[in-house]
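What follows is work35.cif (mmCIF, C-alpha atoms).
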data_model
#
loop_
_atom_site.group_PDB
_atom_site.id
_atom_site.type_symbol
_atom_site.label_atom_id
_atom_site.label_comp_id
_atom_site.auth_asym_id
_atom_site.auth_seq_id
_atom_site.Cartn_x
_atom_site.Cartn_y
_atom_site.Cartn_z
ATOM 1 C CA MET A 120 -35.892 -57.136 109.235
ATOM 2 C CA GLN A 121 -35.892 -59.920 106.657
ATOM 3 C CA TYR A 122 -39.649 -59.391 106.189
ATOM 4 C CA VAL A 123 -39.065 -55.718 105.255
ATOM 5 C CA VAL A 124 -36.453 -56.706 102.694
ATOM 6 C CA HIS A 125 -38.888 -59.158 101.114
ATOM 7 C CA MET A 126 -41.599 -56.535 100.873
ATOM 8 C CA SER A 127 -39.260 -54.038 99.235
ATOM 9 C CA LYS A 128 -38.203 -56.730 96.780
ATOM 10 C CA LEU A 129 -41.840 -57.499 96.001
ATOM 11 C CA ILE A 130 -42.514 -53.830 95.211
ATOM 12 C CA GLU A 131 -39.378 -53.642 93.072
ATOM 13 C CA ILE A 132 -40.442 -56.669 91.039
ATOM 14 C CA PHE A 133 -43.979 -55.364 90.553
ATOM 15 C CA CYS A 134 -42.838 -51.898 89.406
ATOM 16 C CA SER A 135 -40.444 -53.429 86.896
ATOM 17 C CA CYS A 136 -43.048 -55.890 85.566
ATOM 18 C CA ASP A 137 -45.790 -53.262 85.440
ATOM 19 C CA ASP A 138 -43.630 -50.846 83.439
ATOM 20 C CA PHE A 139 -42.873 -53.633 80.970
ATOM 21 C CA CYS A 140 -46.540 -54.660 80.649
ATOM 22 C CA LEU A 141 -47.611 -51.048 80.079
ATOM 23 C CA LEU A 142 -45.059 -50.763 77.277
ATOM 24 C CA ILE A 143 -46.252 -54.014 75.688
ATOM 25 C CA LYS A 144 -49.877 -52.919 76.014
ATOM 26 C CA LYS A 145 -49.101 -49.632 74.311
ATOM 27 C CA CYS A 146 -47.481 -51.464 71.394
ATOM 28 C CA GLN A 147 -50.459 -53.824 71.147
ATOM 29 C CA GLN A 148 -52.924 -50.945 71.074
ATOM 30 C CA THR A 149 -51.004 -49.369 68.218
ATOM 31 C CA GLN A 150 -51.209 -52.603 66.223
ATOM 32 C CA LEU A 151 -54.859 -53.240 67.087
ATOM 33 C CA SER A 152 -55.845 -49.752 65.961
ATOM 34 C CA ASN A 153 -54.850 -50.724 62.421
ATOM 35 C CA SER A 154 -56.472 -54.167 62.616
ATOM 36 C CA PRO A 155 -59.929 -54.837 61.075
ATOM 37 C CA TYR A 156 -60.771 -57.383 63.787
ATOM 38 C CA ARG A 157 -62.791 -56.684 66.919
ATOM 39 C CA LYS A 158 -60.722 -55.210 69.742
ATOM 40 C CA PRO A 159 -60.931 -56.873 73.219
ATOM 41 C CA THR A 160 -62.509 -54.678 75.883
ATOM 42 C CA ARG A 161 -62.701 -56.953 78.959
ATOM 43 C CA GLU A 162 -59.888 -56.511 81.488
ATOM 44 C CA PRO A 163 -59.044 -59.435 83.821
ATOM 45 C CA GLU A 164 -59.362 -58.813 87.552
ATOM 46 C CA LEU A 165 -55.799 -59.987 88.194
ATOM 47 C CA SER A 166 -53.513 -58.018 85.884
ATOM 48 C CA GLU A 167 -50.680 -59.602 83.921
ATOM 49 C CA SER A 168 -48.085 -57.648 85.859
ATOM 50 C CA GLU A 169 -49.526 -58.985 89.146
ATOM 51 C CA MET A 170 -49.394 -62.542 87.811
ATOM 52 C CA MET A 171 -45.764 -62.075 86.742
ATOM 53 C CA THR A 172 -44.904 -60.621 90.148
ATOM 54 C CA ILE A 173 -46.498 -63.536 92.008
ATOM 55 C CA VAL A 174 -44.637 -66.133 89.946
ATOM 56 C CA ILE A 175 -41.250 -64.352 90.062
ATOM 57 C CA PHE A 176 -41.449 -63.533 93.771
ATOM 58 C CA TYR A 177 -42.186 -67.190 94.535
ATOM 59 C CA HIS A 178 -38.629 -68.071 93.491
ATOM 60 C CA LEU A 179 -37.248 -65.591 96.041
ATOM 61 C CA SER A 180 -39.653 -66.426 98.876
ATOM 62 C CA GLY A 181 -37.907 -69.583 100.057
ATOM 63 C CA PHE A 182 -40.998 -71.751 99.516
ATOM 64 C CA LYS A 183 -40.541 -75.046 97.670
ATOM 65 C CA CYS A 184 -44.229 -75.659 96.972
ATOM 66 C CA PHE A 185 -46.061 -73.136 94.809
ATOM 67 C CA GLU A 186 -49.507 -74.233 96.019
ATOM 68 C CA TYR A 187 -48.597 -73.710 99.663
ATOM 69 C CA TYR A 188 -46.942 -70.362 98.819
ATOM 70 C CA TYR A 189 -49.984 -69.098 96.931
ATOM 71 C CA GLN A 190 -52.588 -70.186 99.446
ATOM 72 C CA GLN A 191 -50.683 -69.183 102.581
ATOM 73 C CA LEU A 192 -49.248 -65.850 101.398
ATOM 74 C CA ILE A 193 -51.421 -64.586 98.532
ATOM 75 C CA ILE A 194 -54.866 -65.838 99.597
ATOM 76 C CA LYS A 195 -54.642 -65.902 103.407
ATOM 77 C CA GLY A 196 -51.287 -64.474 104.450
ATOM 78 C CA SER A 197 -49.309 -61.256 104.578
ATOM 79 C CA LEU A 198 -49.451 -60.585 100.814
ATOM 80 C CA LYS A 199 -53.245 -60.578 100.664
ATOM 81 C CA SER A 200 -53.405 -56.763 100.887
ATOM 82 C CA TYR A 201 -50.996 -56.468 97.940
ATOM 83 C CA PHE A 202 -53.224 -58.639 95.711
ATOM 84 C CA PRO A 203 -56.823 -57.938 96.804
ATOM 85 C CA LYS A 204 -58.300 -59.418 93.616
ATOM 86 C CA ALA A 205 -56.334 -62.655 93.688
ATOM 87 C CA VAL A 206 -58.191 -65.611 92.207
ATOM 88 C CA SER A 207 -58.254 -69.144 93.574
ATOM 89 C CA TYR A 208 -55.200 -71.340 93.246
ATOM 90 C CA GLU A 209 -56.830 -73.594 90.631
ATOM 91 C CA ARG A 210 -57.800 -70.578 88.514
ATOM 92 C CA PHE A 211 -54.349 -69.036 88.803
ATOM 93 C CA VAL A 212 -52.678 -72.256 87.619
ATOM 94 C CA ALA A 213 -55.037 -72.274 84.632
ATOM 95 C CA LEU A 214 -54.102 -68.658 83.837
ATOM 96 C CA MET A 215 -50.336 -69.138 84.139
ATOM 97 C CA PRO A 216 -49.739 -70.187 80.485
ATOM 98 C CA ARG A 217 -50.867 -66.696 79.440
ATOM 99 C CA CYS A 218 -47.681 -65.345 81.018
ATOM 100 C CA ILE A 219 -45.296 -67.340 78.814
ATOM 101 C CA PRO A 220 -44.699 -64.665 76.127
ATOM 102 C CA LEU A 221 -44.519 -61.857 78.684
ATOM 103 C CA ILE A 222 -42.124 -63.554 81.093
ATOM 104 C CA TYR A 223 -39.881 -64.755 78.264
ATOM 105 C CA LEU A 224 -39.685 -61.315 76.647
ATOM 106 C CA TYR A 225 -39.290 -59.646 80.034
ATOM 107 C CA THR A 226 -36.372 -61.914 80.923
ATOM 108 C CA ILE A 227 -34.431 -61.563 77.679
ATOM 109 C CA LEU A 228 -35.206 -57.874 77.045
ATOM 110 C CA CYS A 229 -35.383 -56.217 80.456
ATOM 111 C CA ARG A 230 -33.312 -58.366 82.811
ATOM 112 C CA CYS A 231 -30.197 -58.973 80.714
ATOM 113 C CA GLY A 232 -26.883 -57.552 81.900
ATOM 114 C CA GLN A 233 -24.668 -55.013 80.213
ATOM 115 C CA LYS A 234 -22.470 -56.096 77.334
ATOM 116 C CA THR A 235 -18.815 -56.457 78.287
ATOM 117 C CA ASP A 236 -15.846 -58.184 76.654
ATOM 118 C CA ILE A 237 -15.725 -61.298 78.890
ATOM 119 C CA TYR A 238 -18.457 -63.946 78.820
ATOM 120 C CA TYR A 239 -18.975 -67.449 80.180
ATOM 121 C CA ALA A 240 -21.332 -69.993 78.607
ATOM 122 C CA ASP A 241 -22.580 -73.335 79.878
ATOM 123 C CA SER A 242 -25.437 -75.801 79.550
ATOM 124 C CA LYS A 243 -27.347 -77.220 82.501
ATOM 125 C CA LYS A 244 -29.461 -80.338 82.449
ATOM 126 C CA LEU A 245 -33.108 -80.047 83.509
ATOM 127 C CA PRO A 246 -34.458 -83.563 84.108
ATOM 128 C CA VAL A 247 -38.231 -83.816 84.366
ATOM 129 C CA CYS A 248 -38.291 -87.224 86.067
ATOM 130 C CA ASP A 249 -36.036 -89.959 87.380
ATOM 131 C CA ASN A 250 -34.548 -92.277 84.759
ATOM 132 C CA ARG A 251 -36.436 -95.211 86.251
ATOM 133 C CA ARG A 252 -39.769 -93.483 85.537
ATOM 134 C CA ILE A 253 -39.146 -92.327 81.969
ATOM 135 C CA HIS A 254 -41.668 -94.718 80.426
ATOM 136 C CA GLN A 255 -44.288 -93.726 83.013
ATOM 137 C CA ASN A 256 -43.988 -90.000 82.361
ATOM 138 C CA ARG A 257 -46.985 -88.613 80.467
ATOM 139 C CA VAL A 258 -46.671 -84.872 81.113
ATOM 140 C CA PHE A 259 -43.582 -84.400 78.908
ATOM 141 C CA ALA A 260 -44.039 -87.401 76.633
ATOM 142 C CA ASP A 261 -44.402 -85.230 73.507
ATOM 143 C CA CYS A 262 -41.658 -82.661 74.160
ATOM 144 C CA ALA A 263 -38.858 -84.061 76.364
ATOM 145 C CA ASP A 264 -36.205 -86.533 75.255
ATOM 146 C CA ARG A 265 -33.043 -88.229 76.471
ATOM 147 C CA GLY A 266 -29.676 -86.552 76.646
ATOM 148 C CA LYS A 267 -26.280 -87.032 78.192
ATOM 149 C CA SER A 268 -24.283 -84.698 80.409
ATOM 150 C CA SER A 269 -21.026 -85.019 82.313
ATOM 151 C CA THR A 270 -22.914 -86.798 85.112
ATOM 152 C CA GLY A 271 -24.697 -89.336 82.896
ATOM 153 C CA TRP A 272 -27.931 -89.819 80.985
ATOM 154 C CA PHE A 273 -31.129 -87.964 81.847
ATOM 155 C CA TYR A 274 -34.608 -87.280 80.467
ATOM 156 C CA GLY A 275 -35.723 -83.688 79.977
ATOM 157 C CA PHE A 276 -34.226 -80.480 78.593
ATOM 158 C CA LYS A 277 -31.085 -78.338 78.602
ATOM 159 C CA LEU A 278 -30.855 -74.737 79.738
ATOM 160 C CA PHE A 279 -28.128 -72.748 77.971
ATOM 161 C CA LEU A 280 -26.815 -69.659 79.749
ATOM 162 C CA ILE A 281 -24.389 -66.864 78.936
ATOM 163 C CA VAL A 282 -23.222 -64.609 81.781
ATOM 164 C CA ASN A 283 -20.676 -61.807 81.872
ATOM 165 C CA GLN A 284 -17.829 -61.501 84.371
ATOM 166 C CA TYR A 285 -20.181 -59.894 86.898
ATOM 167 C CA GLY A 286 -22.570 -62.855 86.962
ATOM 168 C CA GLN A 287 -25.312 -61.077 85.026
ATOM 169 C CA VAL A 288 -27.384 -63.234 82.689
ATOM 170 C CA MET A 289 -26.867 -62.176 79.088
ATOM 171 C CA ARG A 290 -28.878 -64.840 77.295
ATOM 172 C CA CYS A 291 -30.776 -67.999 78.162
ATOM 173 C CA GLN A 292 -32.413 -70.598 75.969
ATOM 174 C CA LEU A 293 -34.224 -73.892 76.498
ATOM 175 C CA ARG A 294 -33.396 -76.771 74.142
ATOM 176 C CA PRO A 295 -34.183 -80.493 73.966
ATOM 177 C CA ALA A 296 -31.769 -82.713 75.863
ATOM 178 C CA SER A 297 -30.712 -84.612 72.741
ATOM 179 C CA LYS A 298 -29.353 -81.516 70.960
ATOM 180 C CA ALA A 299 -25.565 -81.218 70.923
ATOM 181 C CA ASP A 300 -23.905 -78.219 72.545
ATOM 182 C CA ASN A 301 -21.569 -77.663 69.575
ATOM 183 C CA ASN A 302 -24.204 -77.490 66.841
ATOM 184 C CA TYR A 303 -22.808 -75.056 64.276
ATOM 185 C CA GLU A 304 -25.965 -73.242 63.166
ATOM 186 C CA TRP A 305 -27.347 -72.953 66.688
ATOM 187 C CA MET A 306 -24.075 -71.595 68.093
ATOM 188 C CA LEU A 307 -23.956 -68.826 65.498
ATOM 189 C CA LYS A 308 -27.487 -67.728 66.422
ATOM 190 C CA PHE A 309 -27.022 -68.023 70.183
ATOM 191 C CA PHE A 310 -23.700 -66.132 70.298
ATOM 192 C CA LYS A 311 -24.632 -63.585 67.639
ATOM 193 C CA GLY A 312 -23.862 -59.960 68.528
ATOM 194 C CA LEU A 313 -21.348 -60.696 71.291
ATOM 195 C CA LYS A 314 -17.841 -59.242 71.028
ATOM 196 C CA GLY A 315 -14.778 -60.097 73.070
ATOM 197 C CA LYS A 316 -13.889 -63.430 74.671
ATOM 198 C CA LEU A 317 -16.212 -66.325 75.406
ATOM 199 C CA PHE A 318 -15.139 -69.086 77.816
ATOM 200 C CA THR A 319 -16.885 -72.460 77.589
ATOM 201 C CA ASP A 320 -16.256 -76.121 78.354
ATOM 202 C CA LYS A 321 -15.147 -78.869 75.972
ATOM 203 C CA GLY A 322 -18.712 -79.604 74.890
ATOM 204 C CA PHE A 323 -18.769 -76.442 72.768
ATOM 205 C CA ILE A 324 -15.661 -77.342 70.741
ATOM 206 C CA SER A 325 -16.319 -76.718 67.038
ATOM 207 C CA SER A 326 -13.555 -75.549 64.713
ATOM 208 C CA LYS A 327 -16.041 -74.359 62.103
ATOM 209 C CA ALA A 328 -18.028 -72.297 64.607
ATOM 210 C CA PHE A 329 -14.803 -70.973 66.165
ATOM 211 C CA GLU A 330 -13.599 -69.568 62.841
ATOM 212 C CA GLU A 331 -16.955 -67.955 62.069
ATOM 213 C CA LEU A 332 -17.320 -66.401 65.512
ATOM 214 C CA TYR A 333 -13.689 -65.242 65.532
ATOM 215 C CA SER A 334 -14.198 -63.444 62.226
ATOM 216 C CA ASN A 335 -17.186 -61.638 63.802
ATOM 217 C CA GLY A 336 -15.170 -60.415 66.795
ATOM 218 C CA LEU A 337 -15.862 -63.164 69.365
ATOM 219 C CA LYS A 338 -13.006 -65.446 70.422
ATOM 220 C CA MET A 339 -14.305 -68.697 71.895
ATOM 221 C CA ILE A 340 -11.937 -70.324 74.398
ATOM 222 C CA THR A 341 -12.703 -73.893 75.452
ATOM 223 C CA GLY A 342 -10.977 -76.589 77.466
ATOM 224 C CA ILE A 343 -8.156 -78.455 75.734
ATOM 225 C CA ARG A 344 -8.587 -82.131 74.954
ATOM 226 C CA ARG A 345 -5.703 -84.573 75.134
ATOM 227 C CA ASN A 346 -5.222 -84.722 71.370
ATOM 228 C CA MET A 347 -5.318 -80.906 70.944
ATOM 229 C CA LYS A 348 -2.516 -78.353 70.993
ATOM 230 C CA ASN A 349 -2.706 -74.929 72.593
ATOM 231 C CA LYS A 350 -1.942 -72.413 69.854
ATOM 232 C CA LEU A 351 -4.224 -69.405 70.367
ATOM 233 C CA VAL A 352 -4.640 -69.184 74.149
ATOM 234 C CA ASP A 353 -2.318 -66.859 76.075
ATOM 235 C CA MET A 354 -1.615 -66.845 79.813
ATOM 236 C CA GLN A 355 -4.274 -64.228 80.652
ATOM 237 C CA GLU A 356 -6.934 -66.227 78.824
ATOM 238 C CA LYS A 357 -5.867 -69.367 80.689
ATOM 239 C CA LEU A 358 -6.344 -67.584 84.001
ATOM 240 C CA LEU A 359 -9.756 -66.282 82.965
ATOM 241 C CA HIS A 360 -10.775 -69.745 81.811
ATOM 242 C CA LYS A 361 -9.958 -71.106 85.274
ATOM 243 C CA LYS A 362 -12.594 -68.693 86.614
ATOM 244 C CA ARG A 363 -15.257 -70.563 84.638
ATOM 245 C CA GLY A 364 -16.504 -72.017 87.918
ATOM 246 C CA MET A 365 -18.410 -68.756 88.349
ATOM 247 C CA ILE A 366 -21.110 -69.901 85.929
ATOM 248 C CA GLU A 367 -21.359 -73.132 87.909
ATOM 249 C CA SER A 368 -22.163 -70.947 90.919
ATOM 250 C CA VAL A 369 -24.875 -69.254 88.844
ATOM 251 C CA ASN A 370 -26.355 -72.653 87.978
ATOM 252 C CA ASP A 371 -26.210 -73.671 91.632
ATOM 253 C CA ILE A 372 -28.119 -70.540 92.689
ATOM 254 C CA LEU A 373 -30.731 -71.136 89.990
ATOM 255 C CA MET A 374 -31.136 -74.715 91.169
ATOM 256 C CA THR A 375 -31.170 -74.234 94.951
ATOM 257 C CA VAL A 376 -32.315 -70.659 95.655
ATOM 258 C CA CYS A 377 -34.551 -70.063 92.626
ATOM 259 C CA ASP A 378 -35.697 -73.710 92.481
ATOM 260 C CA ILE A 379 -35.825 -74.176 88.701
ATOM 261 C CA ASP A 380 -34.697 -77.814 88.862
ATOM 262 C CA HIS A 381 -37.345 -80.186 90.180
ATOM 263 C CA THR A 382 -39.612 -82.938 88.863
ATOM 264 C CA ARG A 383 -42.969 -81.841 90.275
ATOM 265 C CA HIS A 384 -44.310 -80.131 87.151
ATOM 266 C CA ARG A 385 -47.707 -81.225 85.912
ATOM 267 C CA SER A 386 -47.846 -79.093 82.760
ATOM 268 C CA PRO A 387 -45.178 -78.308 80.112
ATOM 269 C CA LEU A 388 -46.479 -74.743 79.780
ATOM 270 C CA ASN A 389 -46.256 -74.041 83.502
ATOM 271 C CA PHE A 390 -42.791 -75.622 83.454
ATOM 272 C CA ILE A 391 -41.696 -72.917 80.989
ATOM 273 C CA VAL A 392 -43.320 -70.172 83.079
ATOM 274 C CA ASN A 393 -41.533 -71.286 86.245
ATOM 275 C CA LEU A 394 -38.217 -71.727 84.439
ATOM 276 C CA PHE A 395 -37.980 -68.203 83.040
ATOM 277 C CA ALA A 396 -39.555 -66.752 86.192
ATOM 278 C CA GLY A 397 -36.722 -68.382 88.134
ATOM 279 C CA VAL A 398 -34.125 -66.866 85.794
ATOM 280 C CA ALA A 399 -35.802 -63.452 86.148
ATOM 281 C CA ALA A 400 -35.841 -63.863 89.946
ATOM 282 C CA TYR A 401 -32.091 -64.536 89.879
ATOM 283 C CA THR A 402 -31.489 -61.100 88.329
ATOM 284 C CA PHE A 403 -33.201 -59.462 91.335
ATOM 285 C CA LEU A 404 -30.711 -60.877 93.825
ATOM 286 C CA ASP A 405 -28.689 -58.213 95.609
ATOM 287 C CA LYS A 406 -25.384 -60.060 95.225
ATOM 288 C CA LEU A 407 -24.367 -62.128 92.197
ATOM 289 C CA PRO A 408 -21.352 -64.398 91.639
ATOM 290 C CA SER A 409 -18.469 -62.518 90.045
ATOM 291 C CA ILE A 410 -14.837 -63.091 89.109
ATOM 292 C CA PHE A 411 -14.137 -59.632 90.546
ATOM 293 C CA SER A 412 -14.799 -58.268 94.026
ATOM 294 C CA LYS A 413 -16.358 -55.080 92.628
ATOM 295 C CA LYS A 414 -20.143 -54.950 93.044
ATOM 296 C CA PHE A 415 -21.930 -54.362 89.740
ATOM 297 C CA ALA A 416 -25.639 -53.489 89.639
ATOM 298 C CA VAL A 417 -28.014 -55.179 87.216
ATOM 299 C CA GLY A 418 -29.094 -52.896 84.420
ATOM 300 C CA ASN A 419 -30.567 -52.960 80.959
ATOM 301 C CA PRO A 420 -28.231 -53.447 78.020
#
Just give me the structure of the file as structure tokens.
Amino acid sequence: MQYVVHMSKLIEIFCSCDDFCLLIKKCQQTQLSNSPYRKPTREPELSESEMMTIVIFYHLSGFKCFEYYYQQLIIKGSLKSYFPKAVSYERFVALMPRCIPLIYLYTILCRCGQKTDIYYADSKKLPVCDNRRIHQNRVFADCADRGKSSTGWFYGFKLFLIVNQYGQVMRCQLRPASKADNNYEWMLKFFKGLKGKLFTDKGFISSKAFEELYSNGLKMITGIRRNMKNKLVDMQEKLLHKKRGMIESVNDILMTVCDIDHTRHRSPLNFIVNLFAGVAAYTFLDKLPSIFSKKFAVGNP
């Protein structure tokens, strides 16, 4: 029975990705028709929507090794009939960077939840290696850096997430580990367009950003430090802030079920592909963490 559920999920992912790729292709053809440059005519054997489906479905398959997943399921196993023109594993890994723009746009445009009036924001560390091997790391030497979280120092990146009260991902962004959570200019861009109440931790405290966001219709509610006084938070907002553990559950699912947090990457580009593919895979889960018991289906904004 579990096998049937997986197959239905695979078809659901492919249909969603294929519809998105057809829309992107239509927009590209419109732009290329007005371009003086030569138009590409060669079509790859493995379509972009099939590549997106393979990468996203990996994060729901339960496998922890992409090479074993691809060779055992796509090349030799039960998914071979679904991808008859699948290329070798080495060739597929070389083609994966081509999916970066598509998977990123697909995640932030097609898999975001519906806008509500209650949001939770948090940052999650994404270390790329153990601290004892920082000087030996060559894969991320030009892009990763050191940062500090509540659990200590690490080397890698930060993933910033915003979810609504139903556990749906509203926005996600990857930033260097050394960047502060309460950067004024970045906060205005990241939270732009949201209305209602936003619950965060103490790392997002910024009086200047709070005033600007509040004037635009978004009230940011953070934890209270020892030297701060509670002046603008009522009892209902206190209770909602105590439910902030929901976004920790989202991070836990992304880390354990969708497997976005590991140190086995051998390419920064494929690291980005797997990261946003894991976030997209999370949106296909049948049940998401929520502060309410009511089931809320994932839909487009």
Picked residues, the PyMOL selection byres ((chain A and resi 168-170) around 9), as a PyMOL selection string: chain A and resi 133-141+165-167+171-175+202+205+211+214-215+218
Point-to-point distance from CA of Leu358 in chain A to CA of Ile410 in chain A, Å rounded to tenths: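 CA of Ile410 in chain A lies 10.9 Å from CA of Leu358 in chain A.
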Could you list, with a cut-off of 12 Å and counting only C-alpha atoms, the residues of range 288-325 of chain A near range 389-397 of chain A, each shown with its nearest atom pair and the distance in Å rounded to one decimal, rows sorted by chain and ascending number, as a tab-separated table?
residue	atom	partner	partner_atom	distance
A:Val288	CA	A:Phe395	CA	11.7
A:Arg290	CA	A:Phe395	CA	11.3
A:Cys291	CA	A:Phe395	CA	8.7
A:Gln292	CA	A:Phe395	CA	9.3
A:Leu293	CA	A:Ile391	CA	8.8
A:Arg294	CA	A:Ile391	CA	11.4
Selection result of the PyMOL selection byres ((chain A and resi 267-277) around 12) on this file, as a PyMOL selection string: chain A and resi 241-256+258-266+278-280+291-300+320-322+370+379-382+384+387+390-391+394
Using the chain letters and numbers from the file, which residues does the PyMOL selection byres ((chain A and resi 316) around 6) grab, as a short mmCIF file (atom, residue, chain, number, x, y, z; two decimals) with C-alpha atoms, in the coordinates of the input?
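Saved as out_13.cif:
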data_model
loop_
_atom_site.label_atom_id
_atom_site.label_comp_id
_atom_site.auth_asym_id
_atom_site.auth_seq_id
_atom_site.Cartn_x
_atom_site.Cartn_y
_atom_site.Cartn_z
CA ASP A 236 -15.85 -58.18 76.65
CA ILE A 237 -15.72 -61.30 78.89
CA GLY A 315 -14.78 -60.10 73.07
CA LEU A 317 -16.21 -66.32 75.41
CA LEU A 337 -15.86 -63.16 69.36
CA LYS A 338 -13.01 -65.45 70.42
CA MET A 339 -14.30 -68.70 71.90
#
Radius query 12 Å about (-24.0, -72.0, 65.8), atoms used: only C-alpha atoms, as a ChimeraX atom specification: /A:299-311,323-332,339
Point-to-point distance from CA of Ser368 in chain A to CA of Arg383 in chain A, Å rounded to tenths: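 Distance between the two atoms: 23.5 Å.
These residues, each with an atom at most 12 Å from (-39.7, -72.7, 97.0) using all atoms listed in the file, are Val174, Ile175, Phe176, Tyr177, His178, Leu179, Ser180, Gly181, Phe182, Lys183, Cys184, Phe185, Glu186, Tyr187, Tyr188, Tyr189, Leu373, Met374, Thr375, Val376, Cys377, Asp378, Ile379, Asp380, His381, Arg383, Asn393, Gly397 and Ala400 of chain A.
Nearest residue to Arg385 in chain A, choosing from A:Lys199, A:Arg363, A:Lys234, A:Arg257 and counting all atoms listed in the file: A:Arg257.
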Given only C-alpha atoms as the counted atoms, nearest of A:Gln147, A:Gly312, A:Leu388, A:Tyr239 to Gly364 in chain A: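 Residue with the minimum atom-to-atom distance to Gly364 in chain A: A:Tyr239.
The two atoms in question, CA of Gln287 in chain A and CA of Gly232 in chain A, are spaced 5.0 Å apart.
Using all atoms listed in the file, the shortest contact distance between Leu129 in chain A and any of A:Phe403, A:Val398, A:Gly286, A:Phe411 is found at A:Phe403.
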Once you add 6 Å to each side, what are the centre and edge lengths of the axis-aligned box holding all listed atoms of range 124-143 of chain A? One decimal in Å, as AutoDock Vina command-line options, if you can.
--center_x -42.0 --center_y -55.0 --center_z 89.2 --size_x 23.2 --size_y 20.4 --size_z 39.0
Distance criterion (only C-alpha atoms): nearest to Lys314 in chain A out of A:Gly336, A:Pro220, A:Gly342, A:Gly196: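 Counting only C-alpha atoms, the residue closest to Lys314 in chain A is A:Gly336.
The shortest atom-to-atom distance to Ala213 in chain A, with all atoms listed in the file taken into account, belongs to A:Ser386 out of A:Ser386, A:Ser334, A:Gln191, A:Ser127.
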A:Ile340, A:Ile193, A:Val282, A:Ala399 ranked by distance to Ile366 in chain A, top pick (using all atoms listed in the file):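 For Ile366 in chain A, the nearest of the given residues is A:Val282.
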For range 135-148 of chain A, supply N, CA and C atoms and report the output as a tab-separated table (two decimals), in the coordinates of the input.
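Output contents, as saved in result_18.tsv:
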chain	number	residue	atom	x	y	z
A	135	SER	N	-41.16	-53.08	88.12
A	135	SER	CA	-40.44	-53.43	86.90
A	135	SER	C	-41.36	-54.17	85.92
A	136	CYS	N	-42.13	-55.14	86.42
A	136	CYS	CA	-43.05	-55.89	85.57
A	136	CYS	C	-44.17	-55.02	85.03
A	137	ASP	N	-44.68	-54.12	85.86
A	137	ASP	CA	-45.79	-53.26	85.44
A	137	ASP	C	-45.35	-52.28	84.36
A	138	ASP	N	-44.15	-51.73	84.49
A	138	ASP	CA	-43.63	-50.85	83.44
A	138	ASP	C	-43.49	-51.59	82.12
A	139	PHE	N	-43.02	-52.83	82.19
A	139	PHE	CA	-42.87	-53.63	80.97
A	139	PHE	C	-44.23	-53.95	80.35
A	140	CYS	N	-45.21	-54.33	81.17
A	140	CYS	CA	-46.54	-54.66	80.65
A	140	CYS	C	-47.23	-53.44	80.04
A	141	LEU	N	-47.03	-52.27	80.65
A	141	LEU	CA	-47.61	-51.05	80.08
A	141	LEU	C	-47.01	-50.75	78.71
A	142	LEU	N	-45.71	-50.98	78.57
A	142	LEU	CA	-45.06	-50.76	77.28
A	142	LEU	C	-45.57	-51.74	76.23
A	143	ILE	N	-45.73	-53.01	76.61
A	143	ILE	CA	-46.25	-54.01	75.69
A	143	ILE	C	-47.70	-53.69	75.30
A	144	LYS	N	-48.47	-53.26	76.28
A	144	LYS	CA	-49.88	-52.92	76.01
A	144	LYS	C	-49.98	-51.74	75.06
A	145	LYS	N	-49.10	-50.79	75.21
A	145	LYS	CA	-49.10	-49.63	74.31
A	145	LYS	C	-48.77	-50.05	72.88
A	146	CYS	N	-47.83	-50.96	72.73
A	146	CYS	CA	-47.48	-51.46	71.39
A	146	CYS	C	-48.64	-52.27	70.80
A	147	GLN	N	-49.33	-53.05	71.63
A	147	GLN	CA	-50.46	-53.82	71.15
A	147	GLN	C	-51.61	-52.93	70.71
A	148	GLN	N	-51.86	-51.86	71.45
A	148	GLN	CA	-52.92	-50.94	71.07
A	148	GLN	C	-52.64	-50.26	69.74
